[in-house]
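One file, structure21.tsv, carrying TSV, C-alpha atoms and all ligand atoms:
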```
chain	number	residue	atom	x	y	z
A	1	MET	CA	83.24	85.01	131.44
A	2	ILE	CA	86.57	83.82	130.18
A	3	LEU	CA	86.97	80.08	129.84
A	4	ILE	CA	90.00	78.02	128.86
A	5	ASN	CA	90.15	74.46	127.56
A	6	THR	CA	93.72	73.24	127.67
A	7	GLY	CA	95.74	70.04	128.20
A	8	ASN	CA	96.97	67.17	126.05
A	9	GLY	CA	93.79	65.11	125.93
A	10	LYS	CA	91.16	65.25	123.23
A	11	GLY	CA	88.14	67.50	123.66
A	12	LYS	CA	89.30	71.11	123.83
A	13	THR	CA	87.79	72.30	120.59
A	14	THR	CA	84.76	70.02	120.77
A	15	ALA	CA	83.92	71.16	124.31
A	16	SER	CA	83.93	74.76	123.08
A	17	LEU	CA	81.52	73.72	120.32
A	18	GLY	CA	79.30	72.18	122.99
A	19	VAL	CA	79.06	75.58	124.67
A	20	ALA	CA	78.35	77.10	121.24
A	21	LEU	CA	75.43	74.69	120.85
A	22	ARG	CA	74.02	75.77	124.21
A	23	ALA	CA	74.43	79.45	123.47
A	24	LEU	CA	72.77	79.06	120.06
A	25	GLY	CA	69.86	77.31	121.77
A	26	TYR	CA	69.21	80.50	123.71
A	27	GLY	CA	69.36	82.60	120.55
A	28	LYS	CA	72.85	83.89	121.26
A	29	LYS	CA	75.27	84.61	118.46
A	30	VAL	CA	78.50	82.68	118.23
A	31	VAL	CA	81.74	83.15	116.34
A	32	MET	CA	84.76	80.84	116.38
A	33	ILE	CA	88.05	82.18	115.11
A	34	GLN	CA	90.43	79.35	114.35
A	35	PHE	CA	94.13	79.97	114.65
A	36	ILE	CA	96.65	77.64	112.98
A	37	LYS	CA	93.97	75.36	111.53
A	38	GLY	CA	94.14	75.58	107.80
A	39	PRO	CA	91.54	75.76	105.07
A	40	TRP	CA	90.42	72.12	105.41
A	41	LYS	CA	86.85	71.50	106.52
A	42	SER	CA	85.59	69.90	109.72
A	43	GLY	CA	82.05	68.88	110.60
A	44	GLU	CA	81.54	72.13	112.49
A	45	ASP	CA	82.20	74.07	109.27
A	46	LEU	CA	79.44	72.16	107.52
A	47	PHE	CA	77.02	72.36	110.45
A	48	ALA	CA	75.73	75.90	109.88
A	49	LYS	CA	74.96	75.23	106.25
A	50	ALA	CA	73.40	71.84	106.97
A	51	CYS	CA	71.09	73.46	109.55
A	52	ASN	CA	70.47	76.68	107.59
A	53	ILE	CA	71.95	78.84	110.32
A	54	PRO	CA	72.97	82.26	108.97
A	55	THR	CA	76.58	83.42	109.49
A	56	GLY	CA	75.28	86.33	111.57
A	57	LYS	CA	74.23	83.71	114.16
A	58	PHE	CA	77.05	81.19	113.91
A	59	ARG	CA	80.24	81.71	112.04
A	60	ILE	CA	83.61	80.00	111.86
A	61	ILE	CA	86.53	82.03	110.57
A	62	LYS	CA	89.70	80.18	109.68
A	63	THR	CA	92.72	82.42	109.90
A	64	GLY	CA	95.42	79.76	110.04
A	65	LYS	CA	97.56	78.33	107.30
A	66	GLY	CA	97.90	74.80	108.63
A	67	PHE	CA	100.54	73.05	110.72
A	68	VAL	CA	103.51	75.11	111.82
A	69	ASN	CA	107.00	73.57	111.80
A	70	LEU	CA	105.67	70.09	111.11
A	71	PRO	CA	106.24	67.82	108.09
A	72	GLY	CA	104.23	69.19	105.19
A	73	ASP	CA	104.64	72.79	106.30
A	74	ALA	CA	106.25	74.54	103.34
A	75	LEU	CA	105.24	78.02	104.43
A	76	PRO	CA	107.73	80.58	105.79
A	77	PHE	CA	107.26	81.26	109.50
A	78	LYS	CA	106.47	84.91	108.86
A	79	GLU	CA	103.39	83.92	106.84
A	80	HIS	CA	102.07	81.87	109.74
A	81	LYS	CA	102.81	84.82	112.00
A	82	LYS	CA	100.95	87.24	109.74
A	83	ALA	CA	97.96	84.85	109.60
A	84	ALA	CA	97.83	84.64	113.41
A	85	GLU	CA	98.18	88.41	113.79
A	86	ASP	CA	95.32	88.89	111.32
A	87	GLY	CA	93.24	86.43	113.34
A	88	LEU	CA	93.87	88.41	116.50
A	89	GLN	CA	92.90	91.67	114.78
A	90	GLU	CA	89.69	90.03	113.57
A	91	ALA	CA	88.99	88.86	117.14
A	92	LYS	CA	89.54	92.38	118.47
A	93	LYS	CA	87.21	93.85	115.87
A	94	LEU	CA	84.45	91.30	116.48
A	95	ILE	CA	84.65	91.61	120.27
A	96	ALA	CA	84.54	95.41	120.11
A	97	SER	CA	81.58	95.31	117.69
A	98	LYS	CA	79.56	93.19	120.19
A	99	LYS	CA	78.03	91.39	117.19
A	100	TYR	CA	78.55	88.01	118.84
A	101	ASP	CA	77.77	86.95	122.41
A	102	LEU	CA	80.21	84.03	122.48
A	103	VAL	CA	83.65	84.32	120.91
A	104	ILE	CA	85.75	81.16	120.67
A	105	LEU	CA	89.46	81.65	120.00
A	106	ASP	CA	90.31	78.14	118.88
A	107	GLU	CA	93.94	76.99	119.17
A	108	ILE	CA	94.99	80.46	120.30
A	109	ASN	CA	97.07	78.97	123.13
A	110	ASN	CA	99.11	77.07	120.55
A	111	ALA	CA	99.54	80.22	118.48
A	112	VAL	CA	101.17	81.85	121.50
A	113	GLU	CA	103.33	78.82	122.24
A	114	LEU	CA	104.55	78.80	118.65
A	115	LYS	CA	105.38	82.52	119.04
A	116	LEU	CA	103.02	83.53	116.24
A	117	ILE	CA	101.45	86.10	118.58
A	118	THR	CA	102.45	87.31	122.04
A	119	ALA	CA	100.65	86.35	125.24
A	120	LYS	CA	100.47	90.05	126.11
A	121	SER	CA	98.59	90.93	122.93
A	122	VAL	CA	95.96	88.38	123.97
A	123	THR	CA	95.75	89.39	127.64
A	124	ASP	CA	95.40	93.04	126.58
A	125	LEU	CA	92.39	91.96	124.53
A	126	LEU	CA	90.93	89.79	127.30
A	127	LYS	CA	91.03	92.72	129.73
A	128	LYS	CA	88.84	94.70	127.36
A	129	VAL	CA	86.12	92.12	126.75
A	130	PRO	CA	82.69	93.70	127.37
A	131	GLU	CA	80.61	92.25	130.24
A	132	SER	CA	78.02	90.81	127.85
A	133	ILE	CA	80.51	88.64	125.93
A	134	ASP	CA	81.86	85.22	126.87
A	135	VAL	CA	85.21	84.12	125.47
A	136	ILE	CA	86.63	80.59	125.24
A	137	LEU	CA	90.30	80.01	124.51
A	138	THR	CA	91.44	76.57	123.45
A	139	GLY	CA	94.71	74.81	122.85
A	140	ARG	CA	97.50	73.00	124.64
A	141	ASN	CA	99.81	74.77	127.08
A	142	ALA	CA	97.65	77.75	128.00
A	143	PRO	CA	100.01	80.52	129.22
A	144	LYS	CA	99.89	81.28	132.96
A	145	SER	CA	98.84	84.86	132.19
A	146	PHE	CA	95.68	83.56	130.45
A	147	ILE	CA	94.90	81.22	133.34
A	148	ALA	CA	95.24	84.11	135.80
A	149	LEU	CA	92.62	86.12	133.91
A	150	ALA	CA	90.16	83.28	133.24
A	151	ASP	CA	87.11	82.37	135.34
A	152	THR	CA	86.99	78.70	134.36
A	153	VAL	CA	89.97	76.62	133.27
A	154	THR	CA	89.74	72.95	132.32
A	155	GLU	CA	92.64	70.67	131.57
A	156	MET	CA	91.82	67.75	129.28
A	157	ASN	CA	93.93	64.88	130.53
A	158	GLU	CA	94.81	62.15	128.06
A	159	ILE	CA	94.25	58.68	129.44
A	160	LYS	CA	94.44	57.09	126.03
A	161	HIS	CA	93.95	58.17	122.44
A	162	ALA	CA	93.18	55.97	119.42
A	163	PHE	CA	95.95	57.76	117.54
A	164	SER	CA	98.60	55.92	119.56
A	165	LYS	CA	97.14	52.61	118.27
A	166	GLY	CA	97.61	53.92	114.75
A	167	ILE	CA	93.95	54.82	114.25
A	168	LYS	CA	93.77	57.89	112.04
A	169	ALA	CA	91.57	60.92	112.71
A	170	LYS	CA	87.93	59.91	112.24
A	171	LYS	CA	85.36	61.92	110.33
A	172	GLY	CA	82.59	63.14	112.60
A	173	VAL	CA	84.63	62.37	115.73
A	174	ASP	CA	88.00	64.05	115.26
A	175	PHE	CA	87.12	66.46	112.46
B	201	LIG	P1	89.00	67.97	119.43
B	201	LIG	O1	89.03	68.90	118.23
B	201	LIG	O2	88.71	66.56	119.00
B	201	LIG	O3	88.19	68.45	120.55
B	201	LIG	P2	91.31	68.98	120.75
B	201	LIG	O4	90.87	70.34	120.37
B	201	LIG	O5	91.30	68.63	122.20
B	201	LIG	O6	90.52	67.89	119.95
B	201	LIG	P3	93.75	69.41	119.25
B	201	LIG	O7	95.13	69.34	119.78
B	201	LIG	O8	93.22	70.70	118.80
B	201	LIG	O9	92.79	68.71	120.32
B	201	LIG	O10	93.59	68.31	118.15
B	201	LIG	C1	93.51	68.45	116.79
B	201	LIG	C2	93.19	67.09	116.22
B	201	LIG	O11	93.97	66.09	116.84
B	201	LIG	C3	91.75	66.65	116.43
B	201	LIG	O12	91.36	65.87	115.33
B	201	LIG	C4	91.80	65.80	117.65
B	201	LIG	O13	90.75	64.84	117.71
B	201	LIG	C5	93.15	65.14	117.51
B	201	LIG	N1	93.73	64.85	118.83
B	201	LIG	C6	93.40	65.37	120.01
B	201	LIG	N2	94.12	64.87	121.01
B	201	LIG	C7	94.97	64.00	120.44
B	201	LIG	C8	95.98	63.12	120.94
B	201	LIG	N3	96.28	63.06	122.23
B	201	LIG	N4	96.65	62.36	120.05
B	201	LIG	C9	96.36	62.44	118.75
B	201	LIG	N5	95.42	63.21	118.21
B	201	LIG	C10	94.72	63.99	119.03
B	202	MG	MG	91.57	71.79	119.17
```

Now, as a test, write the supplied structure out as structure tokens.
Amino acid sequence: MILINTGNGKGKTTASLGVALRALGYGKKVVMIQFIKGPWKSGEDLFAKACNIPTGKFRIIKTGKGFVNLPGDALPFKEHKKAAEDGLQEAKKLIASKKYDLVILDEINNAVELKLITAKSVTDLLKKVPESIDVILTGRNAPKSFIALADTVTEMNEIKHAFSKGIKAKKGVDF
């Protein structure tokens, strides 16, 4: 199955981790490849170690270099592009190897919107996903071509977000 979590509301990445939790419960193997997100750690990165889960069962690979075109981004665009292209290659390799049953491509929609990778390079990959593997794509503004290929598409709709009240990202909730 191909699933997409998109929209402006909170919950796209965390919902994919909820599916990961379910899959792990059935002994499935899960890998999340994070585009854009930089080297900083989130709770999900600490989870495997805290629970003694080997990387062969649950692994998070960060291929991003942090925010693109936002304040604090000192990196040339081509480095972000290279990082995203490397992430996509890694995804291709892992999907073809069938080592993992669930492959989460986190923030990949944003990577396409930012023109770090092309939508076509992703749809070409999606068309080749083996029957036994489920793939979740997350990120705002999912391209129409992804939606056309997906089985389940969910749009997170923001009703309100603490951020607009000036509440900063909270440990254990937002990261
Ligand atoms: P989460 O990782 O919490 O599931 P998300 O994947 O839906 O969020 P992203 O756009 O990837 O959303 O968000 C990255 C970070 O920004 C997360 O810490 C998230 O909690 C936070 N965030 C999500 N939605 C909003 C929003 N509408 N306003 C401000 N911050 C947000
Ligand atoms: Mg996210």

Output, as lines of an AutoDock Vina configuration file, the centre and edge lengths in Å (one decimal) of the axis-aligned box that contains all listed atoms of ligand LIG 201 (chain B) with 6 Å of margin on each side.
```
center_x = 92.4
center_y = 66.5
center_z = 118.8
size_x = 20.5
size_y = 20.3
size_z = 18.9
```

Can you tell me, as a ChimeraX atom specification, what residues are no more than 10 Å from A:Leu114 when counting all atoms listed in the file, ignoring any on the same chain fewer than 2 positions away? /A:36,68-69,77,80-81,108-112,116-118

Give the residue list for ligand LIG 201 (chain B) at 6 Å, counting only C-alpha atoms and all ligand atoms, as a ChimeraX atom specification, sorted by chain and then by residue number. /A:8-14,139,161,163,169,174-175

Closest to A:Leu94 among A:Pro76, A:Lys29, A:Ile53, A:Glu44, using all atoms listed in the file?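 Ranked by minimum distance to A:Leu94, first place goes to A:Lys29.
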
Might you pull out every residue within 7 Å of A:Arg59, with only C-alpha atoms counted and same-chain residues fewer than 6 positions away left off, and present them as a ChimeraX atom specification? /A:30-32

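From atom CA of A:Asp106 back to atom CA of A:Ala162, the distance works out to 22.4 Å.
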
To one decimal in Å, tell me the separation between atom CA of A:Ser97 and atom CA of A:Ala142. 25.9 Å

From the list A:Lys65, A:Lys37, A:Lys127, A:Lys98, the nearest residue to ligand MG 202 (chain B) using only C-alpha atoms and all ligand atoms is A:Lys37

Proximity to A:Lys99 - best of A:Leu70, A:Ile147, A:Ala15, A:Ile133, only C-alpha atoms: A:Ile133

Determine the nearest neighbour of A:Tyr100 from the options A:Ile33, A:Ile159, A:Ala148, A:Ile4, counting all atoms listed in the file.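 Nearest candidate to A:Tyr100 out of A:Ile33, A:Ile159, A:Ala148, A:Ile4: A:Ile33.
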